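Everything on this sheet refers to the single structure shown next.
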Amino acid sequence: MLGGRPASFVARQLLEPANYRSLWTIPRVSTQPLRFARAYFLGGGVYPWPCGVRTPQGVVSPTTYSHHDVFTVQEIFCRGDYRLPDEARVVVDIGSNIGISALYFLTRSPAVRVHLFEPDPRNAERLRANLAQFSGRWTLSQEAVADRDGTVAFGREGTGRYGGIGVASAEQIEVPCRHIDDVLREVLASDGRIDFVKIDTEGLETATVAAIDRSLLASIECVCFETRSPFNPWPERFAMSFSADTCRLRARADSPAT
């Protein structure tokens with residue numbers, strides 16, 4: 001009944017108003033709302049499944065490989081965890097998984113470009129397939145991004161959704177890792193701006209955010225990341241909002257130059 005979710009997670013989510021608001025969007029967003037709702041609430045289903053969703057650019061159908069991927073579609077397309085500002089054009093997506101978040105970003109506007117970072121080879125292969133129709137508007141670096149450089153141990157599990165650096169799992173692979181500052185500087189060198197940074201790295205999000213060099217902050221409009229607790233290391237630069245385990249830092253109009 002819990003769809004494989006821990007009872008503690010479900011109990012916490014029951015207190016989150018955004019979850020109830022998002023349920024009303026399922027019939028509007030999903031092209032198969034009954035099947036979508038069944039997978040989301042009960043788990044299971046037959047996979048792979050092309051999970052059709054309506055977007056401002058028309059219907060897209062990312063291939064999902066388990067009901068855990070349907071959870072991701074719900075969180076991003078229905079609940080709006082990574083709601084993109086209308087004016088956003090350059091997105092950095094750290095922890096891109098199978099491309100669901102990137103698909104959301106790319107379908108907001110044909111002007112959006114996305115820089116993707118995903119170290120799991122299996123996820124990266126699925127991501128390429130899910131984003132094939134948007135070729136030319138995204139780049140993929142098959143590496144982790146965190147508060148460090150080097151080669152790191154990456155815990156990998158069956159669904160592909162919950163793996164990460166330092167994650168204890170039966171399968172461990174070694175992946176290259178880049179410091180967040182190097183990634184941001186590279187994107188700024190190529191695009192001249194960063195409108196939105198999304199980070200979902202299974203536990204390293206706050207450490208990665210805190211590691212961003214202050215000299216880069218003036219070039220970033222919004223940072224959105226997964227966390228259990230609100231976290232804003234630069235209140236003079238960013239206003240913070242927090243909902244459904246997602247922290248959003250949005251540049252203040254009156255923030256000082258950094």
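Quick note on naming: the chains in the structure tokens go A, B, ... in the order shown, residues restart at 1 in each chain, and ligands are numbered from 1 in order of appearance.
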Excluding range 25-28 of chain A and residues on its chain fewer than 4 positions from it, collect all residues at most 10 Å away from it, counting only C-alpha atoms, and give them as a PDB file with C-alpha atoms, in the first residue's frame.
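Writing done, so here's out-v7.pdb:
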```pdb
ATOM      1  CA  TYR A  20      -2.565  17.236  -1.379  1.00  0.00           C
ATOM      2  CA  ARG A  21      -2.516  20.104  -3.859  1.00  0.00           C
ATOM      3  CA  GLN A  32      -3.344   7.917 -18.192  1.00  0.00           C
ATOM      4  CA  PRO A  33      -4.377   9.282 -14.796  1.00  0.00           C
ATOM      5  CA  LEU A  34      -5.855   6.065 -13.396  1.00  0.00           C
ATOM      6  CA  PHE A  36      -0.561   6.833 -12.929  1.00  0.00           C
ATOM      7  CA  ALA A  37      -2.455   7.152  -9.635  1.00  0.00           C
ATOM      8  CA  VAL A  53       2.556  13.826 -19.379  1.00  0.00           C
ATOM      9  CA  ARG A  54       1.144  17.044 -20.822  1.00  0.00           C
ATOM     10  CA  THR A  55       3.535  19.991 -20.979  1.00  0.00           C
ATOM     11  CA  GLN A  74       4.663  13.054  -9.636  1.00  0.00           C
ATOM     12  CA  PHE A  77       5.494  17.440 -13.013  1.00  0.00           C
ATOM     13  CA  CYS A  78       2.567  17.401 -10.558  1.00  0.00           C
ATOM     14  CA  ARG A  79       3.908  18.721  -7.248  1.00  0.00           C
TER      15      ARG A  79
END
```
Would you pick out the contacts of range 203-218 of chain A at 8 Å or less, using only C-alpha atoms, so that residues sharing its chain but fewer than 5 positions from it are not included, and give the list as a VMD selection string? chain A and resid 145 to 147 164 to 165 180 to 181 184 to 185 225 to 227 231 233 237 257 to 258
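Checking A:Pro85, A:Gly150, A:Gln133, A:Ile100 one by one against Thr64 in chain A, counting only C-alpha atoms, you find the shortest gap at A:Ile100.
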May I have the residues within 6 Å of Pro119 in chain A as a VMD selection string, using only C-alpha atoms and disregarding those fewer than 4 positions away in the same chain? chain A and resid 142 to 144
Quick check, in Å to one decimal: how far apart do CA of Tyr162 in chain A and CA of Arg89 in chain A lie? 28.1 Å
Restricting the calculation to only C-alpha atoms: of A:Asp182, A:Gly155, A:Trp24, A:Asp81, which residue gets closest to Asp245 in chain A?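 Nearest to Asp245 in chain A: A:Asp81.
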Using DSSP assignments from the backbone, pull out every residue in range 168-239 of chain A that falls under helix (DSSP H, G or I) and give it to me as a PDB file with N, CA and C atoms, in the first residue's frame.
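Dumped everything to part_31.pdb:
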```
ATOM      1  N   ILE A 180      31.659  21.420  -7.129  1.00  0.00           N
ATOM      2  CA  ILE A 180      30.567  22.248  -7.623  1.00  0.00           C
ATOM      3  C   ILE A 180      31.068  23.559  -8.235  1.00  0.00           C
ATOM      4  N   ASP A 181      32.099  24.143  -7.678  1.00  0.00           N
ATOM      5  CA  ASP A 181      32.608  25.408  -8.215  1.00  0.00           C
ATOM      6  C   ASP A 181      33.122  25.257  -9.638  1.00  0.00           C
ATOM      7  N   ASP A 182      33.829  24.152  -9.911  1.00  0.00           N
ATOM      8  CA  ASP A 182      34.358  23.934 -11.260  1.00  0.00           C
ATOM      9  C   ASP A 182      33.228  23.792 -12.271  1.00  0.00           C
ATOM     10  N   VAL A 183      32.167  23.118 -11.860  1.00  0.00           N
ATOM     11  CA  VAL A 183      31.010  22.934 -12.743  1.00  0.00           C
ATOM     12  C   VAL A 183      30.346  24.281 -13.042  1.00  0.00           C
ATOM     13  N   LEU A 184      30.117  25.063 -12.006  1.00  0.00           N
ATOM     14  CA  LEU A 184      29.447  26.347 -12.202  1.00  0.00           C
ATOM     15  C   LEU A 184      30.289  27.294 -13.049  1.00  0.00           C
ATOM     16  N   ARG A 185      31.592  27.321 -12.818  1.00  0.00           N
ATOM     17  CA  ARG A 185      32.466  28.184 -13.622  1.00  0.00           C
ATOM     18  C   ARG A 185      32.460  27.753 -15.084  1.00  0.00           C
ATOM     19  N   GLU A 186      32.434  26.460 -15.327  1.00  0.00           N
ATOM     20  CA  GLU A 186      32.408  25.960 -16.701  1.00  0.00           C
ATOM     21  C   GLU A 186      31.130  26.388 -17.414  1.00  0.00           C
ATOM     22  N   VAL A 187      29.993  26.280 -16.736  1.00  0.00           N
ATOM     23  CA  VAL A 187      28.723  26.683 -17.345  1.00  0.00           C
ATOM     24  C   VAL A 187      28.700  28.188 -17.588  1.00  0.00           C
ATOM     25  N   LEU A 188      29.195  28.955 -16.641  1.00  0.00           N
ATOM     26  CA  LEU A 188      29.232  30.406 -16.810  1.00  0.00           C
ATOM     27  C   LEU A 188      30.133  30.797 -17.979  1.00  0.00           C
ATOM     28  N   ALA A 189      31.223  30.066 -18.160  1.00  0.00           N
ATOM     29  CA  ALA A 189      32.121  30.369 -19.274  1.00  0.00           C
ATOM     30  C   ALA A 189      31.455  30.116 -20.615  1.00  0.00           C
ATOM     31  N   SER A 190      30.568  29.120 -20.672  1.00  0.00           N
ATOM     32  CA  SER A 190      29.927  28.782 -21.946  1.00  0.00           C
ATOM     33  C   SER A 190      28.636  29.550 -22.186  1.00  0.00           C
ATOM     34  N   ASP A 191      27.885  29.859 -21.114  1.00  0.00           N
ATOM     35  CA  ASP A 191      26.568  30.480 -21.260  1.00  0.00           C
ATOM     36  C   ASP A 191      26.462  31.898 -20.708  1.00  0.00           C
ATOM     37  N   GLU A 205      23.419  17.131  -0.602  1.00  0.00           N
ATOM     38  CA  GLU A 205      22.930  18.400  -1.145  1.00  0.00           C
ATOM     39  C   GLU A 205      23.393  19.613  -0.345  1.00  0.00           C
ATOM     40  N   THR A 206      23.188  19.608   0.967  1.00  0.00           N
ATOM     41  CA  THR A 206      23.519  20.804   1.741  1.00  0.00           C
ATOM     42  C   THR A 206      25.026  21.051   1.761  1.00  0.00           C
ATOM     43  N   ALA A 207      25.821  19.996   1.829  1.00  0.00           N
ATOM     44  CA  ALA A 207      27.276  20.163   1.792  1.00  0.00           C
ATOM     45  C   ALA A 207      27.718  20.742   0.455  1.00  0.00           C
ATOM     46  N   THR A 208      27.059  20.316  -0.617  1.00  0.00           N
ATOM     47  CA  THR A 208      27.399  20.825  -1.941  1.00  0.00           C
ATOM     48  C   THR A 208      27.019  22.283  -2.082  1.00  0.00           C
ATOM     49  N   VAL A 209      25.829  22.637  -1.608  1.00  0.00           N
ATOM     50  CA  VAL A 209      25.392  24.040  -1.660  1.00  0.00           C
ATOM     51  C   VAL A 209      26.327  24.919  -0.837  1.00  0.00           C
ATOM     52  N   ALA A 210      26.664  24.473   0.363  1.00  0.00           N
ATOM     53  CA  ALA A 210      27.519  25.264   1.246  1.00  0.00           C
ATOM     54  C   ALA A 210      28.918  25.464   0.668  1.00  0.00           C
ATOM     55  N   ARG A 214      31.567  32.081  -2.770  1.00  0.00           N
ATOM     56  CA  ARG A 214      30.721  33.285  -2.699  1.00  0.00           C
ATOM     57  C   ARG A 214      30.858  34.144  -3.955  1.00  0.00           C
ATOM     58  N   SER A 215      32.001  34.080  -4.611  1.00  0.00           N
ATOM     59  CA  SER A 215      32.206  34.903  -5.802  1.00  0.00           C
ATOM     60  C   SER A 215      31.290  34.496  -6.953  1.00  0.00           C
ATOM     61  N   LEU A 216      30.706  33.309  -6.875  1.00  0.00           N
ATOM     62  CA  LEU A 216      29.834  32.825  -7.944  1.00  0.00           C
ATOM     63  C   LEU A 216      28.363  33.182  -7.710  1.00  0.00           C
ATOM     64  N   LEU A 217      28.022  33.593  -6.514  1.00  0.00           N
ATOM     65  CA  LEU A 217      26.615  33.742  -6.149  1.00  0.00           C
ATOM     66  C   LEU A 217      25.892  34.792  -6.978  1.00  0.00           C
ATOM     67  N   ALA A 218      26.567  35.857  -7.336  1.00  0.00           N
ATOM     68  CA  ALA A 218      25.910  36.937  -8.078  1.00  0.00           C
ATOM     69  C   ALA A 218      25.469  36.490  -9.460  1.00  0.00           C
ATOM     70  N   SER A 219      26.015  35.371  -9.957  1.00  0.00           N
ATOM     71  CA  SER A 219      25.675  34.867 -11.298  1.00  0.00           C
ATOM     72  C   SER A 219      24.598  33.800 -11.267  1.00  0.00           C
TER      73      SER A 219
END
```
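Nearest-residue note for Ser109 in chain A: choosing from A:Ile199, A:Ile220, A:Ala124, A:Leu84, the minimum distance belongs to A:Leu84, counting only C-alpha atoms.
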What residues in range 103-201 of chain A get the DSSP label strand (DSSP E)? Please answer as JSON, numbers by chain. {"A": [113, 114, 115, 116, 117, 138, 139, 140, 141, 144, 145, 146, 150, 151, 152, 153, 154, 155, 156, 164, 165, 171, 172, 173, 174, 175, 176, 177, 178, 179, 196, 197, 198, 199]}
Output C-alpha atoms for every residue in the selection just made, as a tab-separated table (two decimals), in the first residue's frame.
```
chain	number	residue	atom	x	y	z
A	113	ARG	CA	19.18	24.75	-22.19
A	114	VAL	CA	20.20	22.19	-19.55
A	115	HIS	CA	23.62	21.01	-18.34
A	116	LEU	CA	23.19	17.52	-16.88
A	117	PHE	CA	25.36	15.58	-14.44
A	138	TRP	CA	21.22	19.61	-23.36
A	139	THR	CA	24.67	18.27	-22.50
A	140	LEU	CA	25.44	15.31	-20.25
A	141	SER	CA	28.56	14.88	-18.12
A	144	ALA	CA	29.11	13.17	-9.84
A	145	VAL	CA	29.16	16.71	-8.47
A	146	ALA	CA	29.74	17.46	-4.79
A	150	GLY	CA	38.44	12.96	-7.36
A	151	THR	CA	37.22	9.41	-7.74
A	152	VAL	CA	34.53	8.39	-5.27
A	153	ALA	CA	32.61	5.26	-4.26
A	154	PHE	CA	29.02	5.42	-5.48
A	155	GLY	CA	26.37	3.14	-3.98
A	156	ARG	CA	24.07	1.78	-6.67
A	164	GLY	CA	24.74	8.18	-4.36
A	165	ILE	CA	28.15	8.94	-2.92
A	171	GLU	CA	26.73	-2.70	-5.42
A	172	GLN	CA	29.50	-0.11	-5.26
A	173	ILE	CA	31.04	1.49	-8.32
A	174	GLU	CA	33.77	4.09	-8.69
A	175	VAL	CA	32.81	7.31	-10.49
A	176	PRO	CA	34.57	10.61	-11.20
A	177	CYS	CA	33.46	13.54	-9.05
A	178	ARG	CA	33.88	17.26	-9.69
A	179	HIS	CA	33.71	20.15	-7.25
A	196	PHE	CA	18.53	27.63	-12.03
A	197	VAL	CA	20.61	25.02	-10.20
A	198	LYS	CA	18.90	21.79	-9.15
A	199	ILE	CA	20.70	19.37	-6.81
```
Check the smallest atom-to-atom distance from each of A:Thr107, A:Thr31, A:Asn123, A:Thr159 to Phe71 in chain A using only C-alpha atoms, then report the winner. A:Thr159
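We find CA of Arg228 in chain A and CA of Leu249 in chain A to be spaced 14.9 Å apart.
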Residues near Arg248 in chain A, anyone? I mean within 8 Å using only C-alpha atoms, not counting same-chain ones fewer than 3 positions away, as a list of chain:residue names.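 Near Arg248 in chain A, the qualifying residues are A:Cys222, A:Val223, A:Cys224, A:Phe225, A:Met240, A:Ser241, A:Phe242.
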Using C-alpha atoms, can you export the residues from the last selection as a compact mmCIF listing (two decimals), in the first residue's frame?
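Generated output (again-v9.txt):
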```txt
# COMPACT_ATOMS: atom_id res chain seq x y z
CA CYS A 222 17.94 30.21 -8.06
CA VAL A 223 19.22 27.09 -6.27
CA CYS A 224 16.79 24.24 -5.54
CA PHE A 225 17.83 21.14 -3.60
CA MET A 240 14.38 30.91 1.08
CA SER A 241 11.22 28.84 0.79
CA PHE A 242 10.80 25.23 1.91
```
Which neighbours of Gly99 in chain A fall inside 10 Å, counting only C-alpha atoms, when residues of the same chain fewer than 4 positions from it are skipped, and could you give them as an mmCIF file with C-alpha atoms, in the first residue's frame?
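Final output, selection_23.cif:
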```
data_model
loop_
_atom_site.group_PDB
_atom_site.id
_atom_site.type_symbol
_atom_site.label_atom_id
_atom_site.label_comp_id
_atom_site.auth_asym_id
_atom_site.auth_seq_id
_atom_site.Cartn_x
_atom_site.Cartn_y
_atom_site.Cartn_z
ATOM 1 C CA PRO A 62 9.449 9.397 -20.632
ATOM 2 C CA THR A 63 10.075 5.696 -20.193
ATOM 3 C CA ASP A 93 20.825 19.710 -13.197
ATOM 4 C CA GLY A 95 21.831 14.264 -10.068
ATOM 5 C CA LEU A 103 12.496 16.724 -19.382
ATOM 6 C CA TYR A 104 10.458 19.038 -17.177
ATOM 7 C CA PHE A 105 12.938 21.897 -17.664
ATOM 8 C CA LEU A 116 23.187 17.523 -16.877
ATOM 9 C CA GLU A 118 24.655 11.894 -13.743
ATOM 10 C CA ASN A 123 20.757 5.982 -15.522
ATOM 11 C CA ALA A 124 22.785 7.915 -18.098
ATOM 12 C CA GLU A 125 21.773 5.497 -20.859
ATOM 13 C CA ARG A 126 18.101 5.816 -19.950
ATOM 14 C CA LEU A 127 18.427 9.591 -19.703
ATOM 15 C CA ARG A 128 19.793 9.823 -23.256
ATOM 16 C CA ALA A 129 16.810 7.865 -24.567
ATOM 17 C CA ASN A 130 14.280 9.961 -22.637
ATOM 18 C CA LEU A 131 15.766 13.231 -23.904
#
```
Of A:Arg137, A:Arg161, A:Gln57, A:Glu87, the one nearest to Val73 in chain A when counting only C-alpha atoms is A:Arg161
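Between CA of Pro48 in chain A and CA of Pro121 in chain A lies a distance of 17.8 Å.
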